[in-house]
$ cat run03.txt   # compact mmCIF, N, CA and C atoms
# COMPACT_ATOMS: atom_id res chain seq x y z
N MET A 423 -3.16 -35.16 170.95
CA MET A 423 -2.68 -36.19 171.83
C MET A 423 -3.37 -36.16 173.20
N ARG A 424 -3.81 -34.99 173.59
CA ARG A 424 -4.46 -34.90 174.90
C ARG A 424 -5.79 -35.65 174.93
N LYS A 425 -6.52 -35.60 173.82
CA LYS A 425 -7.77 -36.36 173.75
C LYS A 425 -7.48 -37.86 173.76
N ALA A 426 -6.42 -38.26 173.09
CA ALA A 426 -6.02 -39.67 173.09
C ALA A 426 -5.64 -40.12 174.50
N PHE A 427 -5.00 -39.23 175.25
CA PHE A 427 -4.65 -39.52 176.64
C PHE A 427 -5.92 -39.74 177.47
N VAL A 428 -6.93 -38.92 177.24
CA VAL A 428 -8.20 -39.10 177.94
C VAL A 428 -8.82 -40.44 177.55
N ILE A 429 -8.84 -40.75 176.27
CA ILE A 429 -9.47 -41.99 175.80
C ILE A 429 -8.77 -43.22 176.37
N ILE A 430 -7.45 -43.24 176.35
CA ILE A 430 -6.73 -44.39 176.88
C ILE A 430 -6.92 -44.49 178.39
N SER A 431 -7.07 -43.35 179.07
CA SER A 431 -7.34 -43.37 180.51
C SER A 431 -8.71 -43.95 180.80
N VAL A 432 -9.70 -43.62 179.94
CA VAL A 432 -11.04 -44.21 180.09
C VAL A 432 -10.96 -45.72 179.90
N LEU A 433 -10.25 -46.15 178.88
CA LEU A 433 -10.12 -47.59 178.62
C LEU A 433 -9.45 -48.30 179.79
N LEU A 434 -8.44 -47.66 180.37
CA LEU A 434 -7.76 -48.25 181.53
C LEU A 434 -8.72 -48.37 182.71
N LEU A 435 -9.51 -47.34 182.94
CA LEU A 435 -10.49 -47.40 184.03
C LEU A 435 -11.52 -48.49 183.78
N VAL A 436 -11.98 -48.62 182.55
CA VAL A 436 -12.93 -49.69 182.21
C VAL A 436 -12.30 -51.05 182.48
N ALA A 437 -11.05 -51.24 182.07
CA ALA A 437 -10.38 -52.53 182.27
C ALA A 437 -10.21 -52.84 183.76
N PHE A 438 -9.83 -51.84 184.55
CA PHE A 438 -9.70 -52.06 185.99
C PHE A 438 -11.06 -52.36 186.63
N SER A 439 -12.09 -51.64 186.22
CA SER A 439 -13.43 -51.88 186.76
C SER A 439 -13.94 -53.25 186.37
N LEU A 440 -13.68 -53.64 185.12
CA LEU A 440 -14.09 -54.95 184.63
C LEU A 440 -13.43 -56.07 185.45
N GLN A 441 -12.25 -55.80 185.99
CA GLN A 441 -11.55 -56.79 186.80
C GLN A 441 -12.41 -57.27 187.96
N PHE A 442 -13.17 -56.37 188.56
CA PHE A 442 -14.02 -56.76 189.68
C PHE A 442 -15.16 -57.66 189.21
N VAL A 443 -15.72 -57.36 188.06
CA VAL A 443 -16.77 -58.20 187.48
C VAL A 443 -16.21 -59.59 187.18
N LEU A 444 -15.04 -59.63 186.56
CA LEU A 444 -14.44 -60.91 186.21
C LEU A 444 -14.03 -61.71 187.44
N ALA A 445 -13.65 -61.02 188.52
CA ALA A 445 -13.36 -61.72 189.78
C ALA A 445 -14.64 -62.35 190.34
N ALA A 446 -15.74 -61.62 190.25
CA ALA A 446 -17.01 -62.16 190.71
C ALA A 446 -17.43 -63.35 189.86
N VAL A 447 -17.23 -63.27 188.56
CA VAL A 447 -17.53 -64.41 187.68
C VAL A 447 -16.75 -65.63 188.16
N GLY A 448 -15.45 -65.44 188.43
CA GLY A 448 -14.63 -66.55 188.92
C GLY A 448 -15.11 -67.08 190.26
N ALA A 449 -15.49 -66.18 191.14
CA ALA A 449 -15.91 -66.59 192.48
C ALA A 449 -17.23 -67.36 192.47
N PHE A 450 -18.11 -67.04 191.51
CA PHE A 450 -19.42 -67.66 191.49
C PHE A 450 -19.56 -68.75 190.44
N THR A 451 -18.47 -69.10 189.75
CA THR A 451 -18.51 -70.18 188.77
C THR A 451 -18.63 -71.51 189.51
N ARG A 452 -19.58 -72.32 189.08
CA ARG A 452 -19.78 -73.64 189.67
C ARG A 452 -19.84 -74.66 188.56
N PRO A 453 -19.15 -75.74 188.60
CA PRO A 453 -18.18 -76.05 189.65
C PRO A 453 -16.92 -75.22 189.46
N ALA A 454 -16.34 -74.84 190.56
CA ALA A 454 -15.11 -74.04 190.51
C ALA A 454 -13.97 -74.92 190.04
N GLY A 455 -13.16 -74.35 189.18
CA GLY A 455 -12.00 -75.08 188.67
C GLY A 455 -10.84 -74.14 188.48
N ASP A 456 -9.76 -74.69 187.95
CA ASP A 456 -8.56 -73.88 187.72
C ASP A 456 -8.81 -72.74 186.75
N ASP A 457 -9.79 -72.93 185.86
CA ASP A 457 -10.05 -71.90 184.85
C ASP A 457 -11.16 -70.93 185.24
N SER A 458 -11.64 -71.00 186.47
CA SER A 458 -12.72 -70.11 186.92
C SER A 458 -12.32 -68.64 186.83
N TYR A 459 -11.07 -68.36 187.05
CA TYR A 459 -10.58 -66.98 187.03
C TYR A 459 -9.78 -66.67 185.77
N ALA A 460 -9.98 -67.45 184.71
CA ALA A 460 -9.19 -67.28 183.48
C ALA A 460 -9.37 -65.88 182.88
N LEU A 461 -10.60 -65.40 182.77
CA LEU A 461 -10.83 -64.06 182.20
C LEU A 461 -10.23 -62.98 183.09
N HIS A 462 -10.36 -63.15 184.38
CA HIS A 462 -9.78 -62.22 185.35
C HIS A 462 -8.26 -62.18 185.18
N SER A 463 -7.66 -63.35 185.00
CA SER A 463 -6.20 -63.43 184.83
C SER A 463 -5.75 -62.79 183.53
N VAL A 464 -6.44 -63.09 182.43
CA VAL A 464 -6.06 -62.52 181.14
C VAL A 464 -6.17 -61.00 181.18
N ASN A 465 -7.26 -60.49 181.72
CA ASN A 465 -7.44 -59.04 181.80
C ASN A 465 -6.35 -58.42 182.69
N GLY A 466 -6.08 -59.06 183.81
CA GLY A 466 -5.13 -58.50 184.77
C GLY A 466 -3.67 -58.65 184.37
N MET A 467 -3.36 -59.69 183.61
CA MET A 467 -1.96 -59.95 183.27
C MET A 467 -1.60 -59.53 181.85
N ALA A 468 -2.59 -59.20 181.03
CA ALA A 468 -2.30 -58.81 179.64
C ALA A 468 -2.92 -57.45 179.30
N VAL A 469 -4.22 -57.35 179.43
CA VAL A 469 -4.92 -56.13 178.99
C VAL A 469 -4.52 -54.92 179.85
N ILE A 470 -4.62 -55.06 181.15
CA ILE A 470 -4.31 -53.93 182.04
C ILE A 470 -2.86 -53.47 181.92
N PRO A 471 -1.87 -54.38 181.91
CA PRO A 471 -0.50 -53.90 181.73
C PRO A 471 -0.27 -53.16 180.40
N VAL A 472 -0.85 -53.65 179.33
CA VAL A 472 -0.69 -52.98 178.03
C VAL A 472 -1.33 -51.59 178.08
N LEU A 473 -2.54 -51.51 178.60
CA LEU A 473 -3.21 -50.20 178.69
C LEU A 473 -2.46 -49.26 179.64
N THR A 474 -1.87 -49.80 180.68
CA THR A 474 -1.10 -48.98 181.61
C THR A 474 0.12 -48.38 180.90
N LEU A 475 0.82 -49.20 180.13
CA LEU A 475 1.98 -48.69 179.39
C LEU A 475 1.56 -47.66 178.35
N LEU A 476 0.44 -47.91 177.68
CA LEU A 476 -0.06 -46.94 176.70
C LEU A 476 -0.46 -45.63 177.37
N THR A 477 -1.00 -45.72 178.58
CA THR A 477 -1.38 -44.51 179.32
C THR A 477 -0.14 -43.67 179.62
N ILE A 478 0.94 -44.32 180.04
CA ILE A 478 2.19 -43.60 180.30
C ILE A 478 2.68 -42.94 179.01
N LEU A 479 2.66 -43.69 177.92
CA LEU A 479 3.12 -43.16 176.63
C LEU A 479 2.29 -41.96 176.20
N PHE A 480 0.96 -42.08 176.27
CA PHE A 480 0.10 -40.98 175.84
C PHE A 480 0.21 -39.77 176.77
N ALA A 481 0.47 -40.00 178.04
CA ALA A 481 0.69 -38.87 178.96
C ALA A 481 1.94 -38.10 178.55
N ALA A 482 2.98 -38.83 178.20
CA ALA A 482 4.22 -38.18 177.76
C ALA A 482 4.01 -37.45 176.44
N LEU A 483 3.32 -38.10 175.49
CA LEU A 483 3.07 -37.48 174.19
C LEU A 483 2.16 -36.25 174.31
N ALA A 484 1.28 -36.26 175.31
CA ALA A 484 0.38 -35.13 175.54
C ALA A 484 1.08 -34.00 176.29
N LYS A 485 2.35 -34.20 176.59
CA LYS A 485 3.14 -33.22 177.32
C LYS A 485 2.51 -32.90 178.69
N ALA A 486 2.08 -33.97 179.35
CA ALA A 486 1.53 -33.83 180.69
C ALA A 486 2.64 -33.41 181.65
N PRO A 487 2.28 -32.73 182.72
CA PRO A 487 3.29 -32.37 183.72
C PRO A 487 3.95 -33.63 184.30
N GLY A 488 5.18 -33.49 184.75
CA GLY A 488 5.92 -34.63 185.28
C GLY A 488 5.20 -35.37 186.39
N ARG A 489 4.51 -34.63 187.23
CA ARG A 489 3.78 -35.26 188.34
C ARG A 489 2.67 -36.17 187.82
N LEU A 490 1.99 -35.76 186.75
CA LEU A 490 0.93 -36.58 186.16
C LEU A 490 1.52 -37.81 185.48
N ILE A 491 2.63 -37.62 184.80
CA ILE A 491 3.29 -38.78 184.18
C ILE A 491 3.71 -39.76 185.28
N GLY A 492 4.21 -39.26 186.38
CA GLY A 492 4.54 -40.11 187.52
C GLY A 492 3.33 -40.86 188.04
N LEU A 493 2.20 -40.18 188.10
CA LEU A 493 0.97 -40.83 188.55
C LEU A 493 0.57 -41.96 187.60
N THR A 494 0.82 -41.78 186.30
CA THR A 494 0.46 -42.83 185.34
C THR A 494 1.36 -44.06 185.49
N VAL A 495 2.53 -43.88 186.10
CA VAL A 495 3.44 -45.01 186.33
C VAL A 495 3.00 -45.83 187.54
N LEU A 496 2.32 -45.21 188.48
CA LEU A 496 1.90 -45.88 189.71
C LEU A 496 1.12 -47.18 189.47
N PRO A 497 0.17 -47.24 188.50
CA PRO A 497 -0.54 -48.51 188.29
C PRO A 497 0.38 -49.67 187.90
N VAL A 498 1.55 -49.39 187.31
CA VAL A 498 2.48 -50.48 186.99
C VAL A 498 2.89 -51.18 188.29
N GLY A 499 3.25 -50.40 189.29
CA GLY A 499 3.61 -50.97 190.58
C GLY A 499 2.45 -51.69 191.23
N LEU A 500 1.27 -51.11 191.11
CA LEU A 500 0.09 -51.75 191.71
C LEU A 500 -0.24 -53.07 191.02
N VAL A 501 -0.02 -53.15 189.71
CA VAL A 501 -0.24 -54.40 188.98
C VAL A 501 0.76 -55.47 189.45
N VAL A 502 2.00 -55.05 189.68
CA VAL A 502 3.01 -55.99 190.19
C VAL A 502 2.59 -56.49 191.58
N VAL A 503 2.14 -55.58 192.43
CA VAL A 503 1.67 -55.98 193.77
C VAL A 503 0.48 -56.94 193.63
N GLN A 504 -0.41 -56.68 192.67
CA GLN A 504 -1.56 -57.57 192.45
C GLN A 504 -1.09 -58.99 192.14
N ALA A 505 -0.14 -59.09 191.22
CA ALA A 505 0.36 -60.42 190.83
C ALA A 505 1.01 -61.12 192.02
N LEU A 506 1.81 -60.37 192.78
CA LEU A 506 2.48 -60.97 193.95
C LEU A 506 1.49 -61.42 195.01
N THR A 507 0.49 -60.59 195.30
CA THR A 507 -0.48 -60.99 196.32
C THR A 507 -1.31 -62.19 195.86
N ALA A 508 -1.62 -62.26 194.57
CA ALA A 508 -2.37 -63.42 194.05
C ALA A 508 -1.54 -64.69 194.20
N MET A 509 -0.26 -64.61 193.82
CA MET A 509 0.61 -65.79 193.93
C MET A 509 0.80 -66.21 195.39
N LEU A 510 1.02 -65.23 196.26
CA LEU A 510 1.21 -65.55 197.68
C LEU A 510 -0.07 -66.12 198.30
N ALA A 511 -1.21 -65.57 197.93
CA ALA A 511 -2.48 -66.08 198.47
C ALA A 511 -2.72 -67.51 198.00
N ASN A 512 -2.48 -67.75 196.71
CA ASN A 512 -2.69 -69.10 196.17
C ASN A 512 -1.69 -70.09 196.75
N GLY A 513 -0.50 -69.62 197.08
CA GLY A 513 0.53 -70.50 197.63
C GLY A 513 0.42 -70.72 199.12
N SER A 514 -0.43 -69.96 199.77
CA SER A 514 -0.58 -70.06 201.24
C SER A 514 -1.73 -70.99 201.60
N THR A 515 -1.53 -72.26 201.29
CA THR A 515 -2.53 -73.27 201.64
C THR A 515 -1.86 -74.31 202.52
N ASP A 516 -2.68 -75.09 203.20
CA ASP A 516 -2.10 -76.15 204.02
C ASP A 516 -1.79 -77.37 203.15
N ALA A 517 -1.37 -78.46 203.78
CA ALA A 517 -0.95 -79.66 203.04
C ALA A 517 -2.08 -80.25 202.20
N ALA A 518 -3.32 -80.01 202.61
CA ALA A 518 -4.48 -80.53 201.87
C ALA A 518 -4.94 -79.58 200.78
N GLY A 519 -4.26 -78.42 200.65
CA GLY A 519 -4.65 -77.45 199.63
C GLY A 519 -5.77 -76.53 200.07
N VAL A 520 -6.05 -76.49 201.35
CA VAL A 520 -7.11 -75.66 201.90
C VAL A 520 -6.52 -74.29 202.28
N SER A 521 -7.27 -73.23 202.03
CA SER A 521 -6.82 -71.87 202.35
C SER A 521 -6.52 -71.75 203.84
N THR A 522 -5.48 -71.00 204.13
CA THR A 522 -5.10 -70.72 205.51
C THR A 522 -5.51 -69.29 205.85
N PRO A 523 -5.58 -68.96 207.14
CA PRO A 523 -5.88 -67.57 207.49
C PRO A 523 -4.89 -66.59 206.87
N LEU A 524 -3.61 -66.96 206.80
CA LEU A 524 -2.62 -66.08 206.18
C LEU A 524 -2.95 -65.89 204.69
N GLY A 525 -3.27 -66.96 204.00
CA GLY A 525 -3.62 -66.88 202.59
C GLY A 525 -4.85 -66.03 202.35
N LEU A 526 -5.83 -66.15 203.21
CA LEU A 526 -7.05 -65.36 203.08
C LEU A 526 -6.78 -63.88 203.35
N THR A 527 -5.89 -63.60 204.29
CA THR A 527 -5.51 -62.21 204.57
C THR A 527 -4.80 -61.61 203.37
N ILE A 528 -3.90 -62.38 202.78
CA ILE A 528 -3.20 -61.89 201.59
C ILE A 528 -4.19 -61.68 200.44
N ALA A 529 -5.15 -62.59 200.30
CA ALA A 529 -6.18 -62.43 199.26
C ALA A 529 -6.99 -61.16 199.49
N ALA A 530 -7.26 -60.85 200.75
CA ALA A 530 -7.99 -59.61 201.05
C ALA A 530 -7.15 -58.40 200.65
N LEU A 531 -5.84 -58.46 200.85
CA LEU A 531 -4.97 -57.36 200.43
C LEU A 531 -4.96 -57.23 198.91
N HIS A 532 -5.12 -58.34 198.20
CA HIS A 532 -5.24 -58.32 196.74
C HIS A 532 -6.44 -57.47 196.33
N ALA A 533 -7.56 -57.67 197.02
CA ALA A 533 -8.77 -56.90 196.72
C ALA A 533 -8.60 -55.43 197.09
N VAL A 534 -8.00 -55.16 198.23
CA VAL A 534 -7.79 -53.77 198.66
C VAL A 534 -6.86 -53.05 197.67
N ASN A 535 -5.81 -53.72 197.23
CA ASN A 535 -4.90 -53.13 196.25
C ASN A 535 -5.64 -52.83 194.95
N GLY A 536 -6.57 -53.69 194.57
CA GLY A 536 -7.38 -53.44 193.37
C GLY A 536 -8.22 -52.18 193.52
N ILE A 537 -8.79 -51.99 194.69
CA ILE A 537 -9.59 -50.79 194.94
C ILE A 537 -8.69 -49.54 194.87
N ILE A 538 -7.51 -49.63 195.44
CA ILE A 538 -6.57 -48.51 195.38
C ILE A 538 -6.22 -48.21 193.93
N ALA A 539 -5.99 -49.24 193.14
CA ALA A 539 -5.64 -49.06 191.72
C ALA A 539 -6.75 -48.32 190.98
N VAL A 540 -7.99 -48.70 191.24
CA VAL A 540 -9.11 -48.01 190.59
C VAL A 540 -9.12 -46.54 190.97
N HIS A 541 -8.89 -46.23 192.22
CA HIS A 541 -8.87 -44.83 192.65
C HIS A 541 -7.73 -44.06 191.99
N VAL A 542 -6.59 -44.68 191.84
CA VAL A 542 -5.47 -44.03 191.16
C VAL A 542 -5.84 -43.74 189.71
N VAL A 543 -6.45 -44.71 189.05
CA VAL A 543 -6.83 -44.53 187.64
C VAL A 543 -7.92 -43.45 187.50
N VAL A 544 -8.83 -43.37 188.44
CA VAL A 544 -9.82 -42.29 188.43
C VAL A 544 -9.10 -40.94 188.51
N GLY A 545 -8.09 -40.85 189.37
CA GLY A 545 -7.31 -39.62 189.47
C GLY A 545 -6.58 -39.29 188.18
N ILE A 546 -6.05 -40.31 187.53
CA ILE A 546 -5.38 -40.11 186.23
C ILE A 546 -6.39 -39.59 185.21
N LEU A 547 -7.56 -40.20 185.16
CA LEU A 547 -8.58 -39.78 184.20
C LEU A 547 -9.01 -38.34 184.46
N ARG A 548 -9.23 -37.98 185.69
CA ARG A 548 -9.60 -36.60 186.02
C ARG A 548 -8.53 -35.62 185.57
N ALA A 549 -7.28 -35.96 185.85
CA ALA A 549 -6.17 -35.08 185.47
C ALA A 549 -6.03 -35.01 183.95
N ALA A 550 -6.25 -36.13 183.28
CA ALA A 550 -6.17 -36.14 181.81
C ALA A 550 -7.26 -35.25 181.22
N ARG A 551 -8.46 -35.33 181.77
CA ARG A 551 -9.55 -34.47 181.29
C ARG A 551 -9.24 -33.00 181.52
N GLU A 552 -8.69 -32.69 182.67
CA GLU A 552 -8.32 -31.30 182.97
C GLU A 552 -7.23 -30.83 182.01
N LEU A 553 -6.26 -31.66 181.75
CA LEU A 553 -5.20 -31.32 180.82
C LEU A 553 -5.76 -31.09 179.42
N ALA A 554 -6.73 -31.90 179.02
CA ALA A 554 -7.32 -31.77 177.68
C ALA A 554 -8.10 -30.46 177.55
N ARG A 555 -8.62 -29.94 178.66
CA ARG A 555 -9.37 -28.68 178.63
C ARG A 555 -8.46 -27.46 178.53
N GLN A 556 -7.21 -27.61 178.93
CA GLN A 556 -6.28 -26.49 178.92
C GLN A 556 -5.80 -26.22 177.50
N VAL A 557 -5.49 -24.94 177.26
CA VAL A 557 -4.91 -24.54 175.97
C VAL A 557 -3.44 -24.94 176.02
N PRO A 558 -2.96 -25.72 175.04
CA PRO A 558 -1.56 -26.13 175.05
C PRO A 558 -0.62 -24.92 174.99
N ALA A 559 0.53 -25.04 175.60
CA ALA A 559 1.52 -23.95 175.60
C ALA A 559 1.92 -23.63 174.16
N GLY A 560 1.93 -22.36 173.83
CA GLY A 560 2.30 -21.93 172.49
C GLY A 560 1.14 -21.87 171.52
N ALA A 561 -0.03 -22.39 171.92
CA ALA A 561 -1.19 -22.35 171.03
C ALA A 561 -1.92 -21.02 171.21
N ALA A 562 -2.47 -20.54 170.14
CA ALA A 562 -3.22 -19.29 170.20
C ALA A 562 -4.58 -19.56 170.83
N PRO A 563 -5.00 -18.72 171.77
CA PRO A 563 -6.33 -18.90 172.37
C PRO A 563 -7.41 -18.61 171.32
N LEU A 564 -8.57 -19.16 171.55
CA LEU A 564 -9.70 -18.92 170.64
C LEU A 564 -10.12 -17.46 170.72
N ASN A 565 -10.40 -16.86 169.59
CA ASN A 565 -10.93 -15.50 169.56
C ASN A 565 -12.45 -15.59 169.54
N VAL A 566 -13.03 -15.44 170.67
CA VAL A 566 -14.48 -15.48 170.79
C VAL A 566 -14.93 -14.16 171.36
N ARG A 567 -15.84 -13.53 170.67
CA ARG A 567 -16.38 -12.26 171.19
C ARG A 567 -17.40 -12.55 172.27
N GLU A 568 -17.45 -11.63 173.19
CA GLU A 568 -18.38 -11.79 174.30
C GLU A 568 -19.80 -11.93 173.78
N GLY A 569 -20.52 -12.89 174.30
CA GLY A 569 -21.90 -13.12 173.90
C GLY A 569 -22.05 -14.11 172.75
N GLU A 570 -20.97 -14.47 172.08
CA GLU A 570 -21.04 -15.44 170.98
C GLU A 570 -20.95 -16.84 171.56
N PRO A 571 -21.70 -17.77 170.97
CA PRO A 571 -21.58 -19.15 171.43
C PRO A 571 -20.22 -19.72 171.02
N VAL A 572 -19.72 -20.59 171.84
CA VAL A 572 -18.41 -21.19 171.58
C VAL A 572 -18.55 -22.42 170.73
$ encode --input "run03.txt" --output "structure tokens"
Amino acid sequence: MRKAFVIISVLLLVAFSLQFVLAAVGAFTRPAGDDSYALHSVNGMAVIPVLTLLTILFAALAKAPGRLIGLTVLPVGLVVVQALTAMLANGSTDAAGVSTPLGLTIAALHAVNGIIAVHVVVGILRAARELARQVPAGAAPLNVREGEPV
């Protein structure tokens, strides 16, 4: 289960990293339309939440320490903040539908929160790898004689 925890953590990091690429695709799509950010939205509202929940599940199944399981829960909150900042930024326009300084500030916080989320997931992946390297409690250590290759 510990290797599965590492694998799902890698997939989560890939999905979060891909979010930045998909945001750039949306930003540079011409002509810009309502569907410019469709891939970004699907990844952020479907793929990332599912992978986040699976990461929590695999952390628990891998018998990760409570603090690490808690860390795996943090991206759930960050995803909620992402959705809220996106909605608030999109809703903060003037009567003509033009972005306001407040809306642009909220949009900037959306990007900053995304960067924080990536850093949290990197921490989860590092901890998952470290956990996978440890001998599970109750398991017999490998009997390797000195000088023998492992």
$ closest_residue --input "run03.txt" --among "A:Ile537, A:Val469, A:Val436, A:Leu510" --to "Gly525 in chain A" --atoms "only N, CA and C atoms"
A:Leu510
$ select_by_dssp --input "run03.txt" --residues "range 499-559 of chain A" --states "helix (DSSP H, G or I)" --output "count of residues only"
48
$ atom_distance --input "run03.txt" --atom1 "atom C of His541 in chain A" --atom2 "atom N of Gly466 in chain A"
17.2 Å
$ atom_distance --input "run03.txt" --atom1 "CA of Arg424 in chain A" --atom2 "CA of Gln504 in chain A"
28.8 Å
$ closest_residue --input "run03.txt" --among "A:Arg548, A:Ala508, A:Ser514, A:Pro487" --to "Ala530 in chain A" --atoms "only C-alpha atoms"
A:Ala508
$ residues_around --input "run03.txt" --residues "range 433-435 of chain A" --least-positions-apart "3" --cutoff "7 Å" --atoms "all atoms listed in the file" --output "ChimeraX atom specification"
/A:428-430,438-440,470,473-474,540,543-544
$ residues_near_point --input "run03.txt" --point "(-4.4, -58.3, 193.6)" --cutoff "7 Å" --atoms "all atoms listed in the file" --output "PyMOL selection string"
chain A and resi 503-508+531-536
$ atom_distance --input "run03.txt" --atom1 "atom C of Val557 in chain A" --atom2 "CA of Phe480 in chain A"
16.4 Å
$ axis_aligned_box --input "run03.txt" --around "range 423-435 of chain A" --padding-each-side "8 Å" --output "lines of an AutoDock Vina configuration file"
center_x = -7.1
center_y = -41.7
center_z = 177.5
size_x = 24.8
size_y = 29.6
size_z = 29.1
$ closest_residue --input "run03.txt" --among "A:Gln441, A:Arg551, A:Ala539, A:Ile478" --to "Gly492 in chain A" --atoms "only C-alpha atoms"
A:Ile478
$ decode --input "run03.txt" --residues "range 519-565 of chain A" --atoms "C-alpha atoms" --output "PDB file, in the first residue's frame"
ATOM      1  CA  GLY A 519     -18.838  42.595 -17.587  1.00  0.00           C
ATOM      2  CA  VAL A 520     -15.343  44.071 -17.415  1.00  0.00           C
ATOM      3  CA  SER A 521     -12.938  42.875 -14.701  1.00  0.00           C
ATOM      4  CA  THR A 522     -12.600  45.133 -11.690  1.00  0.00           C
ATOM      5  CA  PRO A 523      -9.472  45.655  -9.595  1.00  0.00           C
ATOM      6  CA  LEU A 524     -11.125  43.614  -6.830  1.00  0.00           C
ATOM      7  CA  GLY A 525     -11.853  40.771  -9.256  1.00  0.00           C
ATOM      8  CA  LEU A 526      -8.292  40.817 -10.552  1.00  0.00           C
ATOM      9  CA  THR A 527      -6.930  40.741  -6.998  1.00  0.00           C
ATOM     10  CA  ILE A 528      -9.105  37.744  -6.191  1.00  0.00           C
ATOM     11  CA  ALA A 529      -7.937  36.071  -9.427  1.00  0.00           C
ATOM     12  CA  ALA A 530      -4.345  36.636  -8.324  1.00  0.00           C
ATOM     13  CA  LEU A 531      -5.154  34.918  -5.013  1.00  0.00           C
ATOM     14  CA  HIS A 532      -6.524  31.994  -7.059  1.00  0.00           C
ATOM     15  CA  ALA A 533      -3.088  31.634  -8.666  1.00  0.00           C
ATOM     16  CA  VAL A 534      -1.232  32.003  -5.359  1.00  0.00           C
ATOM     17  CA  ASN A 535      -3.460  29.357  -3.757  1.00  0.00           C
ATOM     18  CA  GLY A 536      -2.634  27.051  -6.675  1.00  0.00           C
ATOM     19  CA  ILE A 537       1.074  27.513  -6.040  1.00  0.00           C
ATOM     20  CA  ILE A 538       0.555  26.748  -2.349  1.00  0.00           C
ATOM     21  CA  ALA A 539      -1.388  23.601  -3.291  1.00  0.00           C
ATOM     22  CA  VAL A 540       1.472  22.377  -5.471  1.00  0.00           C
ATOM     23  CA  HIS A 541       3.921  22.895  -2.610  1.00  0.00           C
ATOM     24  CA  VAL A 542       1.671  20.973  -0.226  1.00  0.00           C
ATOM     25  CA  VAL A 543       1.417  18.089  -2.700  1.00  0.00           C
ATOM     26  CA  VAL A 544       5.213  18.070  -3.138  1.00  0.00           C
ATOM     27  CA  GLY A 545       5.457  17.722   0.651  1.00  0.00           C
ATOM     28  CA  ILE A 546       2.953  14.863   0.583  1.00  0.00           C
ATOM     29  CA  LEU A 547       4.921  13.106  -2.152  1.00  0.00           C
ATOM     30  CA  ARG A 548       8.206  13.494  -0.264  1.00  0.00           C
ATOM     31  CA  ALA A 549       6.639  12.119   2.906  1.00  0.00           C
ATOM     32  CA  ALA A 550       5.018   9.249   0.988  1.00  0.00           C
ATOM     33  CA  ARG A 551       8.386   8.311  -0.521  1.00  0.00           C
ATOM     34  CA  GLU A 552      10.027   8.419   2.895  1.00  0.00           C
ATOM     35  CA  LEU A 553       7.261   6.263   4.336  1.00  0.00           C
ATOM     36  CA  ALA A 554       7.683   3.760   1.494  1.00  0.00           C
ATOM     37  CA  ARG A 555      11.408   3.465   2.307  1.00  0.00           C
ATOM     38  CA  GLN A 556      10.740   2.594   5.941  1.00  0.00           C
ATOM     39  CA  VAL A 557      10.314  -0.986   7.114  1.00  0.00           C
ATOM     40  CA  PRO A 558       6.664  -1.389   8.153  1.00  0.00           C
ATOM     41  CA  ALA A 559       6.054  -2.018  11.869  1.00  0.00           C
ATOM     42  CA  GLY A 560       6.056  -5.731  12.611  1.00  0.00           C
ATOM     43  CA  ALA A 561       7.887  -6.641   9.396  1.00  0.00           C
ATOM     44  CA  ALA A 562      11.131  -8.532   9.588  1.00  0.00           C
ATOM     45  CA  PRO A 563      14.139  -6.520   8.392  1.00  0.00           C
ATOM     46  CA  LEU A 564      16.069  -7.834   5.420  1.00  0.00           C
ATOM     47  CA  ASN A 565      18.930 -10.168   6.311  1.00  0.00           C
TER      48      ASN A 565
END
